[in-house]
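These notes concern the structure reproduced below.
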Amino acid sequence: MAGEDCVRKRQPGSTTTCKTPENEESQRIPESERPPQNSSNGWVDVDHVITRKMQLIAEAEQLKPAFMKEVDSHFTEFVNSLVAKSALLDSSSSSSFPASCSEKELHKAKTLRAPPEHGKIFTARRSLLDELFEVSHIRTIYHMFIALLIVFILSTLLVDFIDEGRLVLGFDLLVFVFGKFPIVFCTWLCMFSATVIIPYNLFVWWAQGYSSSTHRTIHSFFYGMLFTLFQTAGLGFGPTYIAISYALPPASRFIVILEQVRLVMKAHSFVRENVPRVLSSVKDKSSTVPIPRISQYLYFLFAPTLIYRDSYPRNPTIRWSYVATKFAQVLGSLFYAYYIFVRLCIPQFPNISREAFSLRALVLCIFNSILPGVLIFFLVFFAFLHCWLNAFAEMLRFADRMFYKDWWNSTSYANYYRTWNVVVHDWLYYYAYRDFLWFFGKKSKAAAMLSVFTISAAVHEYVLSICFGFFYPVLFCLFMCFGMVFNFILNDRRKGPIWNVIMWTSLFLGQGVIICLYSQEWYARQSCPAENSPFLDYLKPRSWSCHVKM
């Protein structure tokens with residue numbers, strides 16, 4: 001045998017080893033991968049075990065990103081396929097669904113937001129931040145913002161104590177901006193009551209008389225004009241007149257005007273969703289007219305959505321502790337914004353309005369305004385789109401909590417506009433963009449997108465003009481100029497991380513421009529007397545000439 005031959009050939013005192021198959025195999029194995037050897041006393045080589053363990057951990061860490069990426073890819077593909085099949089199921093007119101869908105059908109379903117005949121599909125789902133806050137790493141970022149708020153509070157208290165020799169706990173700024181609240185509440189109550197009564201009854205009267213009317217076009221035109229008159233004069237002119245004539249402070253005006261816009265959009269959605277149902281029932285010669293109950297309409301007016309449905313997915317219970325937490329976070333965000341203005345804005349802008357204009361001063365102002373602008377940007381998102389809407393959704397057991405998506409991961413402005421505020425974007429998509437295509441054809445997509453941008457920019461500028469008391473179209477220009485350009489340049493084909501960096505950089509600069517220019521105009525109007533008629537003074541920025549006169 002080989003072993004016996006080796007013994008015969010070995011010379012006395014020689015150290016030559018025998019090349020058996022077992023030895024050759026062991027020599028081919030790397031040193032790091034060999035099993036630990038026992039020492040002469042039977043103990044395992046501990047250093048070898050520790051080294052091998054560290055190598056295995058390092059290899060596992062190297063494989064982990066690729067493994068997680070692969071799992072995420074397959075999971076995303078599975079979920080998209082499931083959603084696509086669900087969309088095809090909802091849009092199918094047949095009673096049965098085919099056992100398998102072609103790749104072409106699945107791709108088509110993924111690119112559609114919802115079946116055209118159904119519009120938006122509501123489904124039970126949590127808000128994204130609620131899911132992310134279950135991860136300790138993300139929750140730590142939330143804790144960092146709380147720590148920053150504590151620093152702002154301590155800074156304000158210490159500076160006041162040094163200047164005044166005592167703790168100053170007054171909140172004069174909050175008291176001012178939310179002043180005349182009884183007028184705000186009465187205005188809101190009138191707006192809401194009118195929206196409950198007038199659009200619903202106009203629709204009921206139109207629907208009940210439409211099928212029996214001999215002049216249906218005239219009948220529809222008459223009620224359509226009444227509804228338009230209510231939207232423009234009742235909800236449009238009335239609250240605006242009260243906000244201006246009673247000289248409501250900025251935050252109180254924001255409450256009135258934002259509620260005005262919300263109720264106008266809700267009333268339009270209610271009519272827009274139900275009129276086609278009545279027309280379809282008359283065309284089918286149905287014996288019943290599909291008129292929603294007043295309770296369904298009332299629920300819709302409170303629900304955190306701008307798309308009307310007779311029913312929505314509902315949760316079985318109300319978590320009152322969750323509601324209290326969300327309202328507490330809204331209140332905390334309000335005080336956060338207060339300390340941002342007190343520490344970062346108010347000390348800067350009164351002095352700027354007293355200095356001569358220069359390009360250097362403007363650039364410094366913009367860059368010094370980026371930090372407060374970005375913090376307020378985050379607070380508006382967190383306080384309203386997450387906390388406020390989730391609180392009302394929980395009280396109403398409204399189960400679809402997708403008020404926003406992961407807009408922070410956007411690599412294009414097109415995706416950012418779709419994901420930043422899903423509630424408003426859905427309304428613009430279904431009632432502005434898609435209806436525009438229905439009127440003018442699907443070849444007019446660029447014109448439809450331009451019309452949506454124009455409507456959005458005009459409404460944003462209207463809100464700011466009424467609330468601040470002056471017309472300074474900074475936001476409108478940012479929307480229509482830079483927003484439109486970035487929407488086409490930073491489109492959905494941009495996928496690399498560098499485009500996310502570019503998007504965030506432009507957002508930061510935009511917030512700095514908005515805070516700087518609007519604050520300069522606000523303090524200029526506090527310091528400089530008016531030189532023109534009230535109407536021209538409302539339109540002409542006073543900050544352009546204020547520096548020369550002072």
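By order in the structure tokens, chains are A, B, ...; within a chain, residues start at 1; ligands start at 1, following the order shown.
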
> Hey, what's within 9 Å of A:Ile370 if we count only C-alpha atoms and toss same-chain stuff fewer than 3 positions away? As an MDAnalysis selection string, please?
Replying inline: chainID A and resid 365:367 373:375 508:513 515:516

So that I have them on file, write out the residues from the current selection with C-alpha atoms, as a PDB file, in the first residue's frame.
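Listing of out-v1.pdb after writing:
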ATOM      1  CA  CYS A 365     -29.516  87.069   3.427  1.00  0.00           C
ATOM      2  CA  ILE A 366     -30.459  84.126   1.199  1.00  0.00           C
ATOM      3  CA  PHE A 367     -27.784  81.828   2.595  1.00  0.00           C
ATOM      4  CA  GLY A 373     -36.252  77.902   5.790  1.00  0.00           C
ATOM      5  CA  VAL A 374     -35.339  74.217   5.734  1.00  0.00           C
ATOM      6  CA  LEU A 375     -36.383  73.707   9.361  1.00  0.00           C
ATOM      7  CA  PHE A 508     -32.449  74.332   0.229  1.00  0.00           C
ATOM      8  CA  LEU A 509     -31.704  77.341  -1.978  1.00  0.00           C
ATOM      9  CA  GLY A 510     -35.393  77.776  -2.779  1.00  0.00           C
ATOM     10  CA  GLN A 511     -36.333  77.836   0.902  1.00  0.00           C
ATOM     11  CA  GLY A 512     -33.638  80.426   1.538  1.00  0.00           C
ATOM     12  CA  VAL A 513     -34.945  82.654  -1.273  1.00  0.00           C
ATOM     13  CA  ILE A 515     -37.730  83.191   3.631  1.00  0.00           C
ATOM     14  CA  CYS A 516     -35.332  86.010   2.713  1.00  0.00           C
TER      15      CYS A 516
END

>> Please list as a ChimeraX atom specification every residue within 6 Å of stretch 450-459 of chain A, counting only C-alpha atoms and excluding residues in the same chain fewer than 2 positions away.
In response: /A:447-448,461-462,476,479

Could you save the residues just selected, with N, CA and C atoms, as a compact mmCIF listing (two decimals), in the first residue's frame?
# COMPACT_ATOMS: atom_id res chain seq x y z
N ALA A 447 -49.35 70.52 -22.50
CA ALA A 447 -50.25 71.62 -22.14
C ALA A 447 -51.00 71.31 -20.85
N ALA A 448 -51.39 70.05 -20.66
CA ALA A 448 -52.07 69.67 -19.43
C ALA A 448 -51.16 69.85 -18.22
N GLU A 461 -49.70 81.27 -4.63
CA GLU A 461 -49.44 82.71 -4.54
C GLU A 461 -50.65 83.47 -3.99
N TYR A 462 -51.85 83.02 -4.33
CA TYR A 462 -53.06 83.63 -3.78
C TYR A 462 -53.09 83.50 -2.26
N PHE A 476 -44.60 82.16 -6.98
CA PHE A 476 -45.16 81.92 -8.32
C PHE A 476 -44.03 81.81 -9.35
N PHE A 479 -42.22 78.54 -8.91
CA PHE A 479 -43.02 77.45 -9.45
C PHE A 479 -42.96 77.42 -10.97

> Rounded to one decimal in Å, what is the spacing between atom CA of A:Ile294 and atom CA of A:Ser311?
Replying inline: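 Pair atom CA of A:Ile294 / atom CA of A:Ser311 returns 12.5 Å.
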
>> Using DSSP secondary structure from the backbone, list all helix (DSSP H, G or I) positions within stretch 359-464 of chain A, as JSON, numbers by chain.
In response: {"A": [359, 360, 361, 362, 363, 364, 365, 366, 367, 368, 370, 371, 372, 373, 374, 375, 376, 377, 378, 379, 380, 381, 382, 383, 384, 385, 386, 387, 388, 389, 390, 391, 392, 393, 394, 395, 407, 408, 409, 413, 414, 415, 416, 417, 418, 419, 422, 423, 424, 425, 426, 427, 428, 429, 430, 431, 432, 433, 434, 435, 436, 437, 438, 439, 440, 445, 446, 447, 448, 449, 450, 451, 452, 453, 454, 455, 456, 457, 458, 459, 460, 461, 462, 463, 464]}

> From the list A:Val151, A:Ile318, A:Leu306, A:Leu226, which residue is nearest A:Ala399 when using only C-alpha atoms?
Replying inline: A:Ile318

>> Applying 10 Å and only C-alpha atoms, which residues near stretch 388-394 of chain A remain after dropping the ones on its own chain fewer than 5 positions away? List them as number ranges by chain.
In response: A: 126-127, 130, 302-305, 314-315, 317-320, 322-330, 381-383, 399-403, 423

Generate the output file for the selected residues, C-alpha atoms, as a PDB file, in the first residue's frame.
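File written: part_6.pdb
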ATOM      1  CA  ARG A 126     -50.086  53.181   7.300  1.00  0.00           C
ATOM      2  CA  SER A 127     -48.195  56.425   6.910  1.00  0.00           C
ATOM      3  CA  ASP A 130     -45.119  55.637  11.314  1.00  0.00           C
ATOM      4  CA  PHE A 302     -63.922  65.852   7.555  1.00  0.00           C
ATOM      5  CA  ALA A 303     -61.935  62.968   6.001  1.00  0.00           C
ATOM      6  CA  PRO A 304     -58.256  63.667   5.153  1.00  0.00           C
ATOM      7  CA  THR A 305     -58.739  63.264   1.405  1.00  0.00           C
ATOM      8  CA  ARG A 314     -62.065  51.912   7.882  1.00  0.00           C
ATOM      9  CA  ASN A 315     -60.125  50.752  10.903  1.00  0.00           C
ATOM     10  CA  THR A 317     -61.058  50.985  16.547  1.00  0.00           C
ATOM     11  CA  ILE A 318     -59.799  54.442  17.474  1.00  0.00           C
ATOM     12  CA  ARG A 319     -56.471  54.743  19.270  1.00  0.00           C
ATOM     13  CA  TRP A 320     -57.040  57.851  21.367  1.00  0.00           C
ATOM     14  CA  TYR A 322     -52.268  57.989  19.077  1.00  0.00           C
ATOM     15  CA  VAL A 323     -54.586  60.971  18.473  1.00  0.00           C
ATOM     16  CA  ALA A 324     -53.294  62.750  21.586  1.00  0.00           C
ATOM     17  CA  THR A 325     -49.699  62.089  20.532  1.00  0.00           C
ATOM     18  CA  LYS A 326     -50.238  63.552  17.075  1.00  0.00           C
ATOM     19  CA  PHE A 327     -51.931  66.698  18.375  1.00  0.00           C
ATOM     20  CA  ALA A 328     -49.120  67.086  20.918  1.00  0.00           C
ATOM     21  CA  GLN A 329     -46.605  66.848  18.069  1.00  0.00           C
ATOM     22  CA  VAL A 330     -48.520  69.524  16.137  1.00  0.00           C
ATOM     23  CA  PHE A 381     -44.424  68.577   6.354  1.00  0.00           C
ATOM     24  CA  PHE A 382     -44.282  66.804   9.717  1.00  0.00           C
ATOM     25  CA  ALA A 383     -46.943  68.862  11.515  1.00  0.00           C
ATOM     26  CA  ALA A 399     -57.560  53.576   7.033  1.00  0.00           C
ATOM     27  CA  ASP A 400     -55.739  54.926   3.953  1.00  0.00           C
ATOM     28  CA  ARG A 401     -52.898  56.956   5.464  1.00  0.00           C
ATOM     29  CA  MET A 402     -50.806  57.493   2.329  1.00  0.00           C
ATOM     30  CA  PHE A 403     -50.773  61.291   2.591  1.00  0.00           C
ATOM     31  CA  VAL A 423     -53.584  64.462  -1.069  1.00  0.00           C
TER      32      VAL A 423
END

> Which value, in Å to one decimal, gives the distance between atom CA of A:Val289 and atom CA of A:Ile307?
Replying inline: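 Distance reported for this atom pair: 21.0 Å.
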
> Of the candidates A:Phe171, A:Phe488, A:Phe470, A:Tyr246, which shows the shortest atom-to-atom distance to A:Pro534, using only C-alpha atoms?
Replying inline: A:Phe470

> Which residues, written as a PyMOL selection string, have at least one atom at most 12 Å from stretch 196-201 of chain A, with only C-alpha atoms counted and residues fewer than 3 positions away on the same chain left out?
Replying inline: chain A and resi 189-193+204-208+223-231+234-235+263-272+274-275+291-302

>> So that I can check the surroundings of A:Asn421, please list as a ChimeraX atom specification every protein, DNA and RNA residue that reaches within 8 Å of it, counting only C-alpha atoms and ignoring chain neighbours fewer than 5 positions away.
In response: /A:385,403-405

Selection export as a short mmCIF file (atom, residue, chain, number, x, y, z; two decimals), in the first residue's frame, atoms kept: C-alpha atoms:
data_model
loop_
_atom_site.label_atom_id
_atom_site.label_comp_id
_atom_site.auth_asym_id
_atom_site.auth_seq_id
_atom_site.Cartn_x
_atom_site.Cartn_y
_atom_site.Cartn_z
CA LEU A 385 -49.03 66.10 6.31
CA PHE A 403 -50.77 61.29 2.59
CA TYR A 404 -47.22 61.41 1.25
CA LYS A 405 -44.58 59.04 -0.08
#

> Using only C-alpha atoms, which of the listed residues (A:Ser527, A:Ser281, A:Thr156, A:Gln260) sits closest to A:Ile340?
Replying inline: A:Thr156

>> As an exercise, work out the distance from atom CA of A:Arg493 to atom CA of A:Leu63 in Å and give it to one decimal place.
In response: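 According to the coordinates, atom CA of A:Arg493 and atom CA of A:Leu63 are separated by 29.1 Å.
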
> Closest to A:Thr232 among A:Asp172, A:Val463, A:Val261, A:Ser213, using only C-alpha atoms?
Replying inline: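 That would be A:Val261, the residue with the smallest distance to A:Thr232.
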
> Any idea what's packed within 12 Å of A:Val282, counting only C-alpha atoms, ignoring anything in its chain fewer than 3 positions away? Could you give it as number ranges by chain?
Replying inline: A: 207-213, 216, 275-279, 285-290

>> With distances taken over only C-alpha atoms, which residue among A:Ser280, A:Thr411, A:Ile514, A:Arg418 lies nearest A:Phe377?
In response: A:Ile514
